[in-house]
>>> print(open('upload.txt').read())   # compact mmCIF, C-alpha atoms and all ligand atoms
# COMPACT_ATOMS: atom_id res chain seq x y z
CA MET A 590 -3.32 -10.37 -24.18
CA ILE A 591 -1.32 -12.72 -21.97
CA VAL A 592 -3.30 -14.50 -19.28
CA ASP A 593 -2.19 -16.76 -16.43
CA SER A 594 -3.44 -20.24 -15.57
CA LEU A 595 -6.55 -18.73 -13.95
CA SER A 596 -7.24 -16.46 -16.99
CA ARG A 597 -6.00 -13.34 -15.22
CA PRO A 598 -4.36 -10.81 -17.54
CA LEU A 599 -0.93 -9.22 -17.04
CA ARG A 600 -2.01 -5.62 -16.61
CA SER A 601 -0.82 -3.88 -13.47
CA LEU A 602 2.85 -3.54 -12.47
CA ARG A 603 4.14 -2.09 -9.19
CA VAL A 604 7.70 -0.94 -9.51
CA SER A 605 9.65 -0.58 -6.29
CA VAL A 606 12.44 1.93 -6.84
CA THR A 607 14.14 1.50 -3.46
CA ASP A 608 13.87 -0.73 -0.40
CA ARG A 609 14.83 2.17 1.90
CA CYS A 610 12.18 3.97 3.92
CA ASN A 611 12.14 7.03 6.18
CA LEU A 612 9.37 5.60 8.38
CA ARG A 613 9.25 2.49 10.54
CA CYS A 614 5.53 1.65 10.49
CA ARG A 615 4.66 -0.99 13.01
CA TYR A 616 2.75 -3.06 10.44
CA CYS A 617 5.58 -3.02 7.89
CA MET A 618 9.03 -2.30 9.38
CA PRO A 619 8.81 -2.91 13.14
CA GLU A 620 12.41 -4.13 13.63
CA GLN A 621 15.37 -2.06 14.82
CA ASP A 622 17.60 -2.92 11.87
CA TYR A 623 17.31 -4.39 8.40
CA VAL A 624 19.32 -6.19 5.74
CA TRP A 625 19.27 -3.92 2.67
CA LEU A 626 19.56 -4.84 -0.97
CA PRO A 627 23.16 -4.47 -2.19
CA ARG A 628 23.65 -1.12 -3.92
CA ARG A 629 25.04 -2.64 -7.13
CA SER A 630 21.89 -4.75 -7.47
CA ILE A 631 19.59 -1.72 -7.70
CA LEU A 632 18.29 -1.19 -11.23
CA THR A 633 19.20 2.06 -12.97
CA PHE A 634 16.42 4.24 -14.38
CA GLU A 635 17.36 3.05 -17.88
CA GLU A 636 17.06 -0.59 -16.78
CA ILE A 637 13.69 0.07 -15.13
CA ALA A 638 12.34 1.91 -18.18
CA ARG A 639 13.51 -0.88 -20.48
CA LEU A 640 11.87 -3.59 -18.37
CA VAL A 641 8.66 -1.55 -18.05
CA GLY A 642 8.69 -1.17 -21.85
CA ILE A 643 8.85 -4.93 -22.22
CA PHE A 644 6.01 -5.36 -19.72
CA THR A 645 3.85 -2.84 -21.58
CA SER A 646 4.54 -4.65 -24.87
CA LEU A 647 2.90 -7.67 -23.18
CA GLY A 648 -0.22 -5.85 -21.99
CA VAL A 649 0.68 -3.91 -18.84
CA ASP A 650 -1.04 -0.51 -18.93
CA LYS A 651 -1.01 0.46 -15.24
CA VAL A 652 2.28 1.26 -13.51
CA ARG A 653 2.66 2.32 -9.89
CA LEU A 654 5.96 3.57 -8.45
CA THR A 655 6.44 2.44 -4.89
CA GLY A 656 9.02 1.19 -2.40
CA GLY A 657 10.27 1.44 0.39
CA GLU A 658 9.70 5.14 0.14
CA PRO A 659 9.97 5.97 -3.57
CA LEU A 660 10.77 9.65 -2.99
CA LEU A 661 14.02 8.60 -1.28
CA ARG A 662 15.25 7.52 -4.72
CA HIS A 663 17.31 10.39 -6.10
CA ASP A 664 15.61 12.28 -8.93
CA LEU A 665 12.41 10.23 -9.13
CA PRO A 666 10.87 12.83 -11.49
CA ALA A 667 13.51 11.84 -14.08
CA LEU A 668 12.32 8.21 -14.01
CA THR A 669 8.73 9.42 -14.07
CA ALA A 670 9.43 11.44 -17.22
CA MET A 671 11.03 8.41 -18.89
CA LEU A 672 7.98 6.25 -18.11
CA ALA A 673 5.49 8.97 -19.03
CA LYS A 674 6.91 8.86 -22.59
CA ASN A 675 5.64 5.27 -22.91
CA PRO A 676 2.23 5.67 -24.63
CA ALA A 677 1.07 2.20 -23.53
CA ILE A 678 0.88 3.33 -19.90
CA ARG A 679 -2.60 4.77 -19.39
CA ASP A 680 -2.26 5.01 -15.60
CA LEU A 681 1.03 6.14 -14.02
CA ALA A 682 0.72 6.47 -10.24
CA LEU A 683 2.87 6.87 -7.13
CA THR A 684 2.40 5.49 -3.61
CA THR A 685 4.29 7.51 -1.01
CA ASN A 686 4.24 8.31 2.68
CA GLY A 687 4.24 11.98 1.65
CA LEU A 688 7.14 13.16 3.82
CA LEU A 689 9.08 14.45 0.81
CA LEU A 690 6.11 15.13 -1.43
CA ALA A 691 5.87 18.89 -0.86
CA LYS A 692 9.38 19.20 -2.29
CA HIS A 693 8.73 17.06 -5.38
CA ALA A 694 5.01 17.37 -6.20
CA ASN A 695 5.45 20.02 -8.87
CA ALA A 696 8.37 18.27 -10.60
CA LEU A 697 6.43 14.99 -10.58
CA LYS A 698 3.42 16.69 -12.13
CA GLN A 699 5.61 18.30 -14.82
CA ALA A 700 7.22 14.92 -15.46
CA GLY A 701 3.84 13.40 -16.32
CA LEU A 702 2.83 11.49 -13.18
CA GLY A 703 -0.92 10.87 -13.31
CA ARG A 704 -2.00 10.45 -9.70
CA VAL A 705 -0.78 10.01 -6.15
CA THR A 706 -1.69 7.83 -3.19
CA VAL A 707 -0.41 8.98 0.20
CA SER A 708 -0.33 6.63 3.17
CA LEU A 709 -1.92 8.41 6.12
CA ASP A 710 -2.77 6.19 9.07
CA THR A 711 -3.43 8.82 11.70
CA LEU A 712 -4.24 12.50 12.02
CA ARG A 713 -2.51 12.67 15.39
CA PRO A 714 1.21 13.53 15.45
CA ASP A 715 1.72 11.80 18.82
CA ARG A 716 0.19 8.63 17.42
CA MET A 717 2.43 8.74 14.37
CA ARG A 718 5.42 8.90 16.70
CA GLU A 719 4.36 5.54 18.15
CA LEU A 720 3.02 3.95 15.00
CA ALA A 721 5.80 4.98 12.58
CA ARG A 722 8.60 6.20 14.87
CA SER A 723 8.53 9.64 13.26
CA ASP A 724 7.68 13.16 14.35
CA ARG A 725 7.24 14.40 10.79
CA HIS A 726 3.45 14.41 10.70
CA ALA A 727 3.45 18.04 9.54
CA ASP A 728 5.63 17.11 6.52
CA MET A 729 3.12 14.42 5.58
CA LEU A 730 0.24 16.88 5.73
CA ALA A 731 2.28 19.41 3.72
CA GLY A 732 2.87 16.71 1.12
CA ILE A 733 -0.85 15.99 0.85
CA ALA A 734 -1.60 19.70 0.48
CA ALA A 735 1.08 20.11 -2.20
CA ALA A 736 -0.22 17.14 -4.20
CA GLY A 737 -3.69 18.67 -4.15
CA ALA A 738 -2.36 22.12 -5.04
CA VAL A 739 -0.60 20.90 -8.22
CA GLY A 740 -3.77 19.06 -9.26
CA PHE A 741 -3.06 15.38 -8.63
CA PRO A 742 -6.09 13.12 -8.13
CA LEU A 743 -5.42 11.95 -4.58
CA LYS A 744 -6.09 8.82 -2.55
CA LEU A 745 -5.19 8.28 1.10
CA ASN A 746 -4.28 4.77 2.29
CA SER A 747 -4.99 4.00 5.95
CA VAL A 748 -4.06 0.65 7.45
CA VAL A 749 -6.59 0.11 10.25
CA MET A 750 -5.28 -1.60 13.38
CA ARG A 751 -7.37 -2.46 16.39
CA GLY A 752 -6.50 -0.39 19.43
CA VAL A 753 -4.12 1.78 17.39
CA ASN A 754 -6.11 3.97 14.97
CA ASP A 755 -9.52 2.31 14.63
CA ASP A 756 -11.07 5.29 16.43
CA GLU A 757 -10.08 7.59 13.54
CA LEU A 758 -12.24 6.18 10.73
CA VAL A 759 -14.65 9.13 10.72
CA ASP A 760 -11.85 11.70 11.17
CA LEU A 761 -9.97 10.24 8.20
CA ILE A 762 -13.10 10.29 6.01
CA GLU A 763 -13.72 13.94 6.93
CA PHE A 764 -10.06 14.91 6.41
CA ALA A 765 -10.08 13.30 2.96
CA ARG A 766 -13.33 15.03 2.01
CA VAL A 767 -11.94 18.45 2.92
CA HIS A 768 -8.79 17.74 0.87
CA GLY A 769 -10.65 16.45 -2.19
CA ALA A 770 -9.20 12.99 -1.65
CA GLU A 771 -10.67 9.51 -1.21
CA VAL A 772 -9.70 7.25 1.70
CA ARG A 773 -9.00 3.58 1.24
CA PHE A 774 -9.08 1.71 4.53
CA ILE A 775 -6.72 -1.26 4.32
CA GLU A 776 -7.12 -4.35 6.45
CA TYR A 777 -3.92 -5.18 8.35
CA MET A 778 -2.23 -7.90 6.28
CA ASP A 779 0.03 -10.73 7.42
CA VAL A 780 2.58 -9.99 4.69
CA GLY A 781 6.36 -10.35 4.96
CA GLY A 782 7.66 -7.72 7.37
CA ALA A 783 4.51 -7.66 9.49
CA THR A 784 6.18 -9.67 12.23
CA GLN A 785 3.82 -8.31 14.91
CA TRP A 786 0.66 -9.28 13.02
CA SER A 787 -2.13 -11.11 14.82
CA ALA A 788 -5.70 -11.81 13.72
CA GLU A 789 -7.08 -9.90 16.73
CA GLN A 790 -5.56 -6.64 15.45
CA VAL A 791 -7.29 -6.89 12.07
CA VAL A 792 -10.30 -4.59 11.76
CA SER A 793 -12.39 -6.24 9.07
CA GLN A 794 -14.29 -4.64 6.21
CA ARG A 795 -17.50 -5.68 7.96
CA GLU A 796 -16.52 -3.85 11.15
CA ILE A 797 -15.41 -0.75 9.27
CA LEU A 798 -18.77 -0.61 7.50
CA GLU A 799 -20.61 -1.08 10.80
CA VAL A 800 -18.81 1.84 12.43
CA LEU A 801 -19.39 4.14 9.47
CA THR A 802 -23.04 3.09 9.11
CA ALA A 803 -23.64 3.90 12.78
CA ARG A 804 -22.19 7.38 12.21
CA TYR A 805 -23.50 8.29 8.75
CA GLY A 806 -26.47 6.01 7.98
CA ALA A 807 -26.96 3.48 5.18
CA ILE A 808 -23.87 2.94 3.00
CA THR A 809 -24.21 1.82 -0.60
CA PRO A 810 -21.64 -0.08 -2.69
CA VAL A 811 -20.33 1.77 -5.74
CA THR A 812 -20.18 -0.46 -8.81
CA THR A 813 -17.04 -0.13 -10.88
CA ALA A 814 -16.10 -1.21 -14.37
CA ASP A 815 -12.62 -2.20 -13.16
CA LEU A 816 -13.23 -5.55 -11.51
CA SER A 817 -9.52 -6.01 -10.77
CA ALA A 818 -9.32 -2.92 -8.50
CA PRO A 819 -8.14 -3.98 -5.03
CA ALA A 820 -10.51 -1.64 -3.17
CA GLU A 821 -14.24 -2.09 -2.99
CA ARG A 822 -15.79 1.36 -3.10
CA PHE A 823 -18.73 2.65 -1.06
CA ARG A 824 -20.84 5.81 -0.83
CA LEU A 825 -22.09 7.51 2.33
CA PRO A 826 -25.57 9.06 2.33
CA ASN A 827 -23.91 12.49 1.98
CA GLY A 828 -22.28 11.40 -1.29
CA THR A 829 -18.75 10.95 0.06
CA THR A 830 -17.05 7.89 -1.38
CA PHE A 831 -14.37 5.72 0.19
CA GLY A 832 -12.76 2.34 -0.42
CA ILE A 833 -11.86 -0.72 1.62
CA VAL A 834 -9.06 -3.12 0.68
CA ALA A 835 -10.19 -6.30 2.38
CA SER A 836 -7.20 -8.48 1.40
CA THR A 837 -7.17 -10.23 4.77
CA THR A 838 -10.82 -11.18 5.33
CA ALA A 839 -12.23 -11.08 1.78
CA PRO A 840 -9.35 -11.61 -0.67
CA PHE A 841 -9.78 -10.93 -4.38
CA CYS A 842 -7.14 -13.23 -5.87
CA ARG A 843 -9.51 -14.35 -8.66
CA THR A 844 -9.30 -10.95 -10.32
CA CYS A 845 -5.75 -10.01 -9.34
CA ASP A 846 -3.78 -8.69 -12.33
CA ARG A 847 -0.97 -7.19 -10.23
CA SER A 848 2.68 -8.13 -10.10
CA ARG A 849 5.65 -6.49 -8.47
CA LEU A 850 9.18 -5.66 -9.62
CA THR A 851 11.66 -5.03 -6.81
CA ALA A 852 14.35 -2.35 -6.96
CA ALA A 853 16.84 -5.16 -7.64
CA GLY A 854 14.85 -6.54 -10.56
CA THR A 855 13.16 -9.56 -8.99
CA TRP A 856 9.62 -10.01 -10.28
CA PHE A 857 6.95 -11.31 -7.89
CA LEU A 858 3.60 -12.65 -9.09
CA CYS A 859 1.95 -12.39 -5.66
CA LEU A 860 2.56 -10.42 -2.48
CA TYR A 861 2.68 -13.72 -0.60
CA ALA A 862 4.88 -15.61 -3.10
CA GLU A 863 7.83 -17.50 -1.67
CA ARG A 864 10.05 -16.76 -4.66
CA GLY A 865 10.30 -14.31 -7.54
CA THR A 866 11.87 -14.39 -11.00
CA ASP A 867 15.22 -12.64 -11.39
CA LEU A 868 15.04 -10.33 -14.40
CA ARG A 869 18.20 -8.40 -13.51
CA GLU A 870 20.64 -11.16 -14.34
CA PRO A 871 19.40 -11.80 -17.90
CA LEU A 872 19.01 -8.04 -18.39
CA ARG A 873 22.62 -7.37 -17.39
CA ASN A 874 23.92 -10.43 -19.25
CA GLY A 875 22.77 -9.12 -22.59
CA ALA A 876 19.34 -10.72 -23.09
CA SER A 877 17.39 -9.14 -25.94
CA ASP A 878 13.97 -7.54 -25.44
CA ALA A 879 12.42 -10.57 -27.16
CA GLU A 880 14.20 -12.98 -24.80
CA LEU A 881 13.10 -11.01 -21.74
CA ALA A 882 9.55 -10.82 -23.11
CA ASP A 883 9.54 -14.62 -23.57
CA LEU A 884 10.71 -15.12 -19.99
CA ILE A 885 8.05 -12.74 -18.62
CA ALA A 886 5.25 -14.16 -20.78
CA SER A 887 6.01 -17.80 -20.00
CA THR A 888 6.32 -17.04 -16.26
CA TRP A 889 2.97 -15.23 -16.27
CA ARG A 890 1.25 -18.02 -18.21
CA GLY A 891 2.26 -20.43 -15.45
CA ARG A 892 0.98 -18.19 -12.65
CA ALA A 893 -1.44 -19.96 -10.30
CA ASP A 894 -0.86 -17.82 -7.17
CA ARG A 895 -3.80 -17.19 -4.85
CA GLY A 896 -1.73 -16.19 -1.83
CA ALA A 897 -4.31 -14.20 0.14
CA GLU A 898 -7.03 -16.83 -0.41
CA GLU A 899 -4.71 -19.59 0.74
CA ARG A 900 -3.84 -17.60 3.86
CA LEU A 901 -7.55 -17.23 4.60
CA GLY A 902 -7.86 -21.03 4.74
CA LEU A 903 -5.16 -21.43 7.42
CA ALA A 904 -6.32 -22.63 10.82
CA ASN A 905 -3.78 -20.77 12.96
CA ARG A 906 -2.90 -17.70 10.99
CA ALA A 907 0.38 -16.05 12.04
CA PRO A 908 2.94 -13.69 10.42
CA LEU A 909 4.11 -14.97 7.02
CA PHE A 910 7.80 -14.88 8.02
CA GLN A 911 9.70 -14.62 11.29
CA VAL A 912 12.55 -12.12 11.64
CA GLU A 913 15.28 -14.69 10.88
CA GLY A 914 13.56 -15.61 7.62
CA LEU A 915 13.34 -11.97 6.61
CA ARG A 916 17.00 -11.38 7.41
CA ALA A 917 17.97 -14.41 5.34
CA ASP A 918 16.19 -12.97 2.30
CA PRO A 919 15.17 -9.30 2.29
CA HIS A 920 13.08 -9.99 -0.82
CA ARG A 921 10.49 -11.41 1.57
CA GLU A 922 9.90 -7.95 3.05
CA MET A 923 6.86 -5.90 2.03
CA HIS A 924 9.09 -2.81 1.87
CA THR A 925 11.28 -4.63 -0.70
CA ARG A 926 8.43 -6.10 -2.75
CA GLY A 927 6.64 -2.79 -2.91
CA GLY A 928 3.17 -2.37 -1.49
N1 LIG A 1001 6.41 4.18 1.44
C1 LIG A 1001 5.25 4.22 0.61
C2 LIG A 1001 4.01 4.41 1.44
O1 LIG A 1001 4.12 4.59 2.65
O2 LIG A 1001 2.93 4.42 0.87
C3 LIG A 1001 5.09 3.03 -0.33
C4 LIG A 1001 5.43 1.66 0.17
S1 LIG A 1001 4.32 1.02 1.39
C5 LIG A 1001 5.01 -0.59 1.65
C6 LIG A 1001 2.87 0.74 0.42
C7 LIG A 1001 1.60 0.47 1.16
O3 LIG A 1001 1.68 -0.76 1.81
C8 LIG A 1001 1.25 1.51 2.20
O4 LIG A 1001 0.00 2.07 1.94
C9 LIG A 1001 1.22 0.71 3.47
O5 LIG A 1001 0.28 1.20 4.35
C10 LIG A 1001 0.91 -0.69 2.97
N2 LIG A 1001 1.26 -1.74 3.92
C11 LIG A 1001 2.49 -2.07 4.37
N3 LIG A 1001 2.43 -3.09 5.25
C12 LIG A 1001 1.13 -3.44 5.35
C13 LIG A 1001 0.42 -4.42 6.11
N4 LIG A 1001 1.03 -5.25 6.95
N5 LIG A 1001 -0.92 -4.49 5.94
C14 LIG A 1001 -1.57 -3.65 5.10
N6 LIG A 1001 -0.94 -2.71 4.36
C15 LIG A 1001 0.38 -2.59 4.49
>>> encode(input="upload.txt", output="structure tokens", more="lines below")
Ligand code: SAM
Amino acid sequence: MIVDSLSRPLRSLRVSVTDRCNLRCRYCMPEQDYVWLPRRSILTFEEIARLVGIFTSLGVDKVRLTGGEPLLRHDLPALTAMLAKNPAIRDLALTTNGLLLAKHANALKQAGLGRVTVSLDTLRPDRMRELARSDRHADMLAGIAAAGAVGFPLKLNSVVMRGVNDDELVDLIEFARVHGAEVRFIEYMDVGGATQWSAEQVVSQREILEVLTARYGAITPVTTADLSAPAERFRLPNGTTFGIVASTTAPFCRTCDRSRLTAAGTWFLCLYAERGTDLREPLRNGASDAELADLIASTWRGRADRGAEERLGLANRAPLFQVEGLRADPHREMHTRGG
């Protein structure tokens, strides 16, 4: 097993398959226009599968397809099928906003996808119009229903923002319960792209637990064998479980085994990292699997990133990048790095 300078293993890889998205969520893509990755830089499915194969030879066993909106990538089930053939991957998952999921859920299931996480921040169509500049709330709900119908284990991600959707915590828990899903409330993060972030808008894990305790009664933590999981899980007195990803107020860098490959083949060791490692150039210039594995292994061994913990220590916390910085390098965007 390859470990970094803080003894964290290389285990979980998030693969962004496109930087394009069909939503404009206020916490991720609030601008009117964006600088996109050049088309020729986007990795082919064969290139992605080869790189993932090299990662799994070094210990990665969890792969999550993400974006941008991954279902905007043409024929995602074909890539899924290629990855599902890799026996080293014990967890193959997809994070999507669900708008196109009803159309593709069955093909993804047939292709061997293991589970799905759908981002659902509000149950109110009018609110989604404001929050994500989209009137396709019904498509999102249809996607969630389709994922359940074909038998995917389902999680729902909800970014909680003060004054925006923090009055929907109970509604989201109840919606998830009815749909056999589990909600993960995510603290609003000051990542690249979140140019409107401010500390006041963050609803902390502590506050979320207070609201839910007032409604349901005593909440108990659920212990898990997977200490690297980003969400802490909890159980309501009625048995319903949910998670909270407290990256902003209680970061978990010490156990973070996640890294991110962008659609253009840049590999990031931390969501907050200033720079990534370009794997596309050596890949396209004829590097062997062994050479690429050496590059990946030596880069991981030098990893010392603790981005979220370092952000926590800042006196005047503000968005990670301003718009000009994001335009200068789209790799700084959350929608490029893959959430
Ligand atoms: N388009 C897909 C989706 O909507 O799930 C995948 C990409 S999206 C960038 C992945 C996740 O990142 C989503 O669950 C989204 O809510 C989360 N995310 C994006 N910006 C965030 C922010 N500023 N704070 C917390 N979570 C964020």
>>> residues_near_ligand(input="upload.txt", ligand="ligand LIG 1001 (chain A)", cutoff="6 Å", atoms="only C-alpha atoms and all ligand atoms", output="list in words")
Tyr616, Cys617, Thr655, Gly656, Gly657, Glu658, Thr684, Thr685, Asn686, Val707, Ser708, Asn746, Val748, Ile775, Glu776, Tyr777, Met778, Asp779, Val780, Ala783, Met923, His924, Gly927 and Gly928 of chain A
>>> closest_residue(input="upload.txt", among="A:Leu689, A:Leu681, A:Leu702, A:Leu745", to="Arg603 in chain A", atoms="all atoms listed in the file")
A:Leu681
>>> atom_distance(input="upload.txt", atom1="CA of Gly642 in chain A", atom2="CA of Asp878 in chain A")
9.0 Å
>>> atom_distance(input="upload.txt", atom1="CA of Val652 in chain A", atom2="CA of Ile678 in chain A")
6.9 Å
>>> residues_near_point(input="upload.txt", point="(-22.1, 11.0, 7.5)", cutoff="10 Å", atoms="only C-alpha atoms", output="CSV table (one decimal) with C-alpha atoms, in the coordinates of the input")
chain,number,residue,atom,x,y,z
A,759,VAL,CA,-14.6,9.1,10.7
A,762,ILE,CA,-13.1,10.3,6.0
A,763,GLU,CA,-13.7,13.9,6.9
A,801,LEU,CA,-19.4,4.1,9.5
A,802,THR,CA,-23.0,3.1,9.1
A,803,ALA,CA,-23.6,3.9,12.8
A,804,ARG,CA,-22.2,7.4,12.2
A,805,TYR,CA,-23.5,8.3,8.8
A,806,GLY,CA,-26.5,6.0,8.0
A,807,ALA,CA,-27.0,3.5,5.2
A,808,ILE,CA,-23.9,2.9,3.0
A,824,ARG,CA,-20.8,5.8,-0.8
A,825,LEU,CA,-22.1,7.5,2.3
A,826,PRO,CA,-25.6,9.1,2.3
A,827,ASN,CA,-23.9,12.5,2.0
A,828,GLY,CA,-22.3,11.4,-1.3
A,829,THR,CA,-18.8,11.0,0.1
>>> closest_atom_pairs(input="upload.txt", of="range 684-714 of chain A", to="range 720-739 of chain A", cutoff="8 Å", atoms="all atoms listed in the file", output="CSV")
residue,atom,partner,partner_atom,distance
A:Asn686,CA,A:Met729,CA,6.9
A:Gly687,CA,A:Met729,CA,4.8
A:Leu688,CA,A:Met729,CA,4.6
A:Leu689,CA,A:Gly732,CA,6.6
A:Leu690,CA,A:Gly732,CA,4.4
A:Ala691,CA,A:Gly732,CA,4.2
A:Lys692,CA,A:Gly732,CA,7.8
A:Ala694,CA,A:Ala736,CA,5.6
A:Asn695,CA,A:Val739,CA,6.1
A:Lys698,CA,A:Val739,CA,7.0
A:Val705,CA,A:Ala736,CA,7.4
A:Val707,CA,A:Ile733,CA,7.1
A:Leu709,CA,A:Met729,CA,7.9
A:Arg713,CA,A:His726,CA,7.8
A:Pro714,CA,A:His726,CA,5.3
>>> atom_distance(input="upload.txt", atom1="CA of Gly701 in chain A", atom2="CA of Pro598 in chain A")
25.6 Å
>>> closest_atom_pairs(input="upload.txt", of="range 630-690 of chain A", to="range 832-852 of chain A", cutoff="9 Å", atoms="only C-alpha atoms", output="Markdown table")
| residue | atom | partner | partner_atom | distance |
| --- | --- | --- | --- | --- |
| A:Ser630 | CA | A:Ala852 | CA | 7.9 |
| A:Ile631 | CA | A:Ala852 | CA | 5.3 |
| A:Leu632 | CA | A:Ala852 | CA | 5.9 |
| A:Thr633 | CA | A:Ala852 | CA | 8.9 |
| A:Ile637 | CA | A:Ala852 | CA | 8.5 |
| A:Gly656 | CA | A:Ala852 | CA | 7.9 |
>>> residues_around(input="upload.txt", residues="Pro666 in chain A", least_positions_apart="5", cutoff="7 Å", atoms="only C-alpha atoms", output="compact mmCIF listing (two decimals) with C-alpha atoms, keeping the file's coordinate frame")
# COMPACT_ATOMS: atom_id res chain seq x y z
CA ALA A 696 8.37 18.27 -10.60
CA LEU A 697 6.43 14.99 -10.58
CA ALA A 700 7.22 14.92 -15.46
>>> residues_around(input="upload.txt", residues="Gly854 in chain A", least_positions_apart="5", cutoff="7 Å", atoms="all atoms listed in the file", output="PyMOL selection string")
chain A and resi 632+867-869
>>> closest_residue(input="upload.txt", among="A:Thr784, A:Asn754, A:Ser747, A:Ser646", to="Pro619 in chain A", atoms="only C-alpha atoms")
A:Thr784
>>> closest_residue(input="upload.txt", among="A:Leu612, A:Ala788, A:Val624, A:Val604", to="Ala853 in chain A", atoms="all atoms listed in the file")
A:Val604
>>> closest_residue(input="upload.txt", among="A:Gln911, A:Thr711, A:Thr607, A:Thr645", to="Ile885 in chain A", atoms="all atoms listed in the file")
A:Thr645
>>> residues_around(input="upload.txt", residues="Glu620 in chain A", least_positions_apart="4", cutoff="9 Å", atoms="only C-alpha atoms", output="MDAnalysis selection string")
chainID A and resid 613 615 782 784 912
>>> write_last_selection(input="upload.txt", atoms="C-alpha atoms", output="PDB file, keeping the file's coordinate frame")
ATOM      1  CA  ARG A 613       9.250   2.490  10.540  1.00  0.00           C
ATOM      2  CA  ARG A 615       4.660  -0.990  13.010  1.00  0.00           C
ATOM      3  CA  GLY A 782       7.660  -7.720   7.370  1.00  0.00           C
ATOM      4  CA  THR A 784       6.180  -9.670  12.230  1.00  0.00           C
ATOM      5  CA  VAL A 912      12.550 -12.120  11.640  1.00  0.00           C
TER       6      VAL A 912
END
>>> residues_around(input="upload.txt", residues="Glu899 in chain A", least_positions_apart="3", cutoff="10 Å", atoms="only C-alpha atoms", output="PyMOL selection string")
chain A and resi 840+842+861+894-896+902-903
>>> closest_residue(input="upload.txt", among="A:Arg900, A:Phe741, A:Asp622, A:Phe857", to="Leu915 in chain A", atoms="all atoms listed in the file")
A:Asp622
